[in-house]
Each structure stands twice: as C-alpha cells, then as structure tokens.
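Working notes, beginning with the structure itself.
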Amino acid sequence: MGNKAVITTKDKKIGLYLHWNGGRDSVEAFLEYCKIKDYRAPSEDCYGWARLTQVIGNFFGGSASVGIDSYDTLDTDNCDNGVYIIEGWEIVGREFNRRSEQCEFELTDMLIEINERQPETEQIDSRYFISKQKDTKDIVVGDMVFEQDFTGKYELLEIIGLGRNTVLNGHRVKDLPYTSRYSVDNCNAYLLKKNYRVIEQLNPISDLSVLYPF
C-alpha cells in the first residue's frame with residue numbers, strides 16, 4: 001500500500017524511491033522547489049541527488065518513505081506511478097505509469113508545505129510563493145524583489161532607482177532597476193537577470209529625481 005514512484009535520470013544509474021507522494025503533482029513540486037533553491041540537478045552530479053533527497057527527506061521526516069539506490073534494484077514497475085525521468089529539474093519522460101496523472105494538489109500550496117518542513121535556516125520567505133514573476137524591464141521603483149545572495153539565500157530588496165546610461169563591470173545599466181543592497185556604482189546592485197519574483201509597489205513614484213539621483 002502506498003503512492004509509490006521512482007525518480008531517475010536518462011542514464012538510469014541512480015534512482016530515488018518514494019513510497020508516498022509519488023503522484024505527478026507532488027513530484028513536480030519537489031523538483032520545482034529544488035529549482036527555486038537553485039540546486040544543481042541530479043542530471044549534473046551527485047550533489048543534485050543529495051539535495052533532492054534532502055528536500056524530500058525533510059518533507060517526510062522519520063526514517064522511511066524515501067530511499068535512494070541503483071536504478072535496477074528499485075521497484076520501478078510498482079503499480080502506482082511508475083518512473084519519472086528528469087533532466088535538470090523537469091520531467092522529460094515516464095515509464096510504467098498505467099493510470100492518469102495525479103492532479104490533486106495545487107503547486108503553490110505544495111511548495112509552501114515543502115518549504116515549511118525544511119529546517120528554519122533553509123526556508124524561503126513564504127511571501128516568495130505568492131509573489132508575481134515579472135520581466136526586469138517592467139519592474140519599477142518601489143517594487144520589492146526577491147534576489148539571491150552569494151550563498152543562495154533569497155533576500156527581499158526594495159528597488160530604489162533606475163540606472164543611468166553607463167557601464168559597470170562590463171554591464172550597461174541604463175534603465176536597469178537597482179536595489180538598496182549596494183551603492184549605485186556597484187553592478188551587483190542592479191537586476192541583471194531577465195525576470196524576478198516581485199511584490200509590486202502600492203504607491204507608484206513619478207518623481208524622476210528619485211529615479212535618476214546621479
């Protein structure tokens with residue numbers, strides 16, 4: 001009795017066994033949480049397997065419900081959810097699944113629950129999961145942006161201005177939003193990725209002297 005599944009990669013050398021929560025909605029949430037944390041994936045190296053196992057083990061607690069072994073020793077044709085083949089943090093293939101995919105849990109709710117079961121020092125600010133993903137070009141002064149520091153931990157930072165037409169450490173920062181983390185002459189203050197998770201401003205700022213203080 002269970003809701004079993006095996007997660008593996010295309011080479012089928014290693015597999016992670018789930019006795020419970022083997023439905024696609026749970027598995028996708030486990031993978032998405034690891035992606036959000038910016039962990040290296042199992043398809044890259046052994047650290048990926050360790051992080052995935054860590055997250056799922058923390059979710060279940062106890063000493064059962066999850067295992068890891070060589071793929072050919074695991075219960076792959078398990079009469080439940082079969083096998084998920086992943087690349088990066090995405091499901092790219094299925095085997096031994098003879099029923100419709102489980103779709104009972106809403107992704108955001110599942111991510112919040114996974115997060116709450118991690119050690120406190122590893123948890124993400126819960127507001128991250130209800131924030132809006134926004135293109136960098138659409139982010140404005142006053143928005144609060146989730147950005148990772150050098151340790152991978154997410155910080156919620158306020159956008160306090162937009163860059164002038166200048167180059168900092170090889171990056172042209174014209175119109176790029178920058179945060180309060182560093183000074184305006186430090187390229188690490190600027191949002192350099194294509195999109196971010198954002199809590200949008202409540203009161204738009206229209207004073208251009210605030211947007212362009214230098």
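Going through the structure tokens in order, the chains are called A, B, and so on, while each chain numbers its residues from 1 and the ligands are numbered from 1 in the order shown.
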
* To do: Tell me which protein, DNA and RNA residues are within 12 Å of Cys79 (chain A), counting only C-alpha atoms, leaving out same-chain ones fewer than 4 positions away, and put them as a list in words.
  => Met1, Gly2, Asn3, Lys4, Ala5, Val6, His19, Gly22, Asp75, Val83, Glu95, Phe96, Asn97, Arg98 and Arg99 of chain A

Output as JSON lines one row per residue of region 79-182 of chain A within 12 Å of region 68-74 of chain A: the closest atom pair and its distance in Å to one decimal place, counting only C-alpha atoms, sorted by chain and residue number ascending.
```
{"residue": "A:Gly82", "atom": "CA", "partner": "A:Leu74", "partner_atom": "CA", "distance": 10.7}
{"residue": "A:Val83", "atom": "CA", "partner": "A:Leu74", "partner_atom": "CA", "distance": 10.2}
{"residue": "A:Tyr84", "atom": "CA", "partner": "A:Tyr71", "partner_atom": "CA", "distance": 11.8}
{"residue": "A:Ile85", "atom": "CA", "partner": "A:Tyr71", "partner_atom": "CA", "distance": 11.3}
```

Within 9 Å of region 43-52 of chain A, which residues of region 64-105 of chain A come that close, and what is the closest atom pair and distance in Å for each? Count only C-alpha atoms and give it as JSON lines.
```
{"residue": "A:Ile68", "atom": "CA", "partner": "A:Trp49", "partner_atom": "CA", "distance": 8.7}
{"residue": "A:Ile86", "atom": "CA", "partner": "A:Ser43", "partner_atom": "CA", "distance": 7.5}
{"residue": "A:Glu87", "atom": "CA", "partner": "A:Ser43", "partner_atom": "CA", "distance": 5.7}
{"residue": "A:Gly88", "atom": "CA", "partner": "A:Ser43", "partner_atom": "CA", "distance": 5.9}
{"residue": "A:Trp89", "atom": "CA", "partner": "A:Ser43", "partner_atom": "CA", "distance": 8.6}
```

* To do: as a PyMOL selection string, please: all residues of region 6-214 of chain A that backbone DSSP puts in alpha helix (DSSP H).
  => chain A and resi 24-36+46-60+107-116+208-211

* To do: May I ask for the distance between CA of Gly15 (chain A) and CA of Glu116 (chain A), given in Å to one decimal place?
  =>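 Going from CA of Gly15 (chain A) over to CA of Glu116 (chain A), I get 25.4 Å.
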
Within 8 Å of Asn195 (chain A) using only C-alpha atoms, minus same-chain residues under 5 positions, as a compact mmCIF listing (two decimals) with C-alpha atoms, in the first residue's frame:
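Contents of the output file part.txt:
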```txt
# COMPACT_ATOMS: atom_id res chain seq x y z
CA GLN A 133 7.14 36.78 -11.67
CA LYS A 134 7.89 39.96 -13.58
CA ASP A 135 10.14 40.86 -16.51
CA THR A 136 13.02 43.05 -15.36
```

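Of the listed residues A:Gly170, A:Gly142, A:Gly23, A:Gly163, the one whose atoms come nearest to Asp80 (chain A) is A:Gly23, with distances taken using only C-alpha atoms.
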
* Take CA of Gln54 (chain A) and CA of Tyr17 (chain A) and report the distance between them in Å, one decimal. => 12.9 Å

* Please identify all polymer residues within 6 Å of region 171-177 of chain A, counting only C-alpha atoms, omitting same-chain residues fewer than 3 positions from it, and present them as a PyMOL selection string. => chain A and resi 161-168+190-191

* DSSP-assigned strand (DSSP E or B) members of region 2-201 of chain A, reported as an MDAnalysis selection string -> chainID A and resid 5:9 14:18 66:70 83:87 90:95 132:135 144:148 154:162 167:168 171:172 177:179 190 195:199

* **Pick from A:Cys34, A:Leu18, A:Lys137, A:Ile112, whichever lies nearest to Asn78 (chain A) using only C-alpha atoms** =>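 Closest to Asn78 (chain A), using only C-alpha atoms: A:Leu18.
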
* Asked: A:Asp143, A:Glu200, A:Asp185, A:Asp25: which is nearest Glu101 (chain A), counting only C-alpha atoms?
  ->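 Among the listed residues, the smallest separation from Glu101 (chain A) belongs to A:Asp25.
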
* From the set A:Arg117, A:Arg197, A:Arg24, A:Arg94, which residue has the shortest atom-to-atom contact distance to Thr9 (chain A), counting only C-alpha atoms? ->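 Among A:Arg117, A:Arg197, A:Arg24, A:Arg94, it is A:Arg94 that comes nearest to Thr9 (chain A).
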
* To do: Fewer than 6 positions away in the same chain doesn't count, so skip those; otherwise give me all residues within 9 Å of Glu147 (chain A), counting only C-alpha atoms, as a PyMOL selection string.
  => chain A and resi 153-157+191+196-197

* Within 7 Å of Ser180 (chain A), counting only C-alpha atoms, which residues qualify if same-chain residues fewer than 3 places away don't, as an MDAnalysis selection string? -> chainID A and resid 157:160 189

For the selection you just gave me, I'd like the residues written to a file as a short mmCIF file (atom, residue, chain, number, x, y, z; two decimals), in the first residue's frame, keeping N, CA and C atoms.
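part.cif written:
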```cif
data_model
loop_
_atom_site.label_atom_id
_atom_site.label_comp_id
_atom_site.auth_asym_id
_atom_site.auth_seq_id
_atom_site.Cartn_x
_atom_site.Cartn_y
_atom_site.Cartn_z
N LEU A 157 14.35 42.75 -1.40
CA LEU A 157 15.02 44.04 -1.51
C LEU A 157 14.14 45.03 -2.25
N GLU A 158 14.22 46.28 -1.84
CA GLU A 158 13.43 47.33 -2.48
C GLU A 158 14.18 47.92 -3.67
N ILE A 159 13.44 48.14 -4.75
CA ILE A 159 14.00 48.86 -5.90
C ILE A 159 13.96 50.35 -5.59
N ILE A 160 15.14 50.98 -5.60
CA ILE A 160 15.20 52.39 -5.21
C ILE A 160 15.57 53.32 -6.36
N ALA A 189 24.35 45.81 -7.50
CA ALA A 189 23.10 46.41 -7.04
C ALA A 189 22.00 46.27 -8.09
#
```
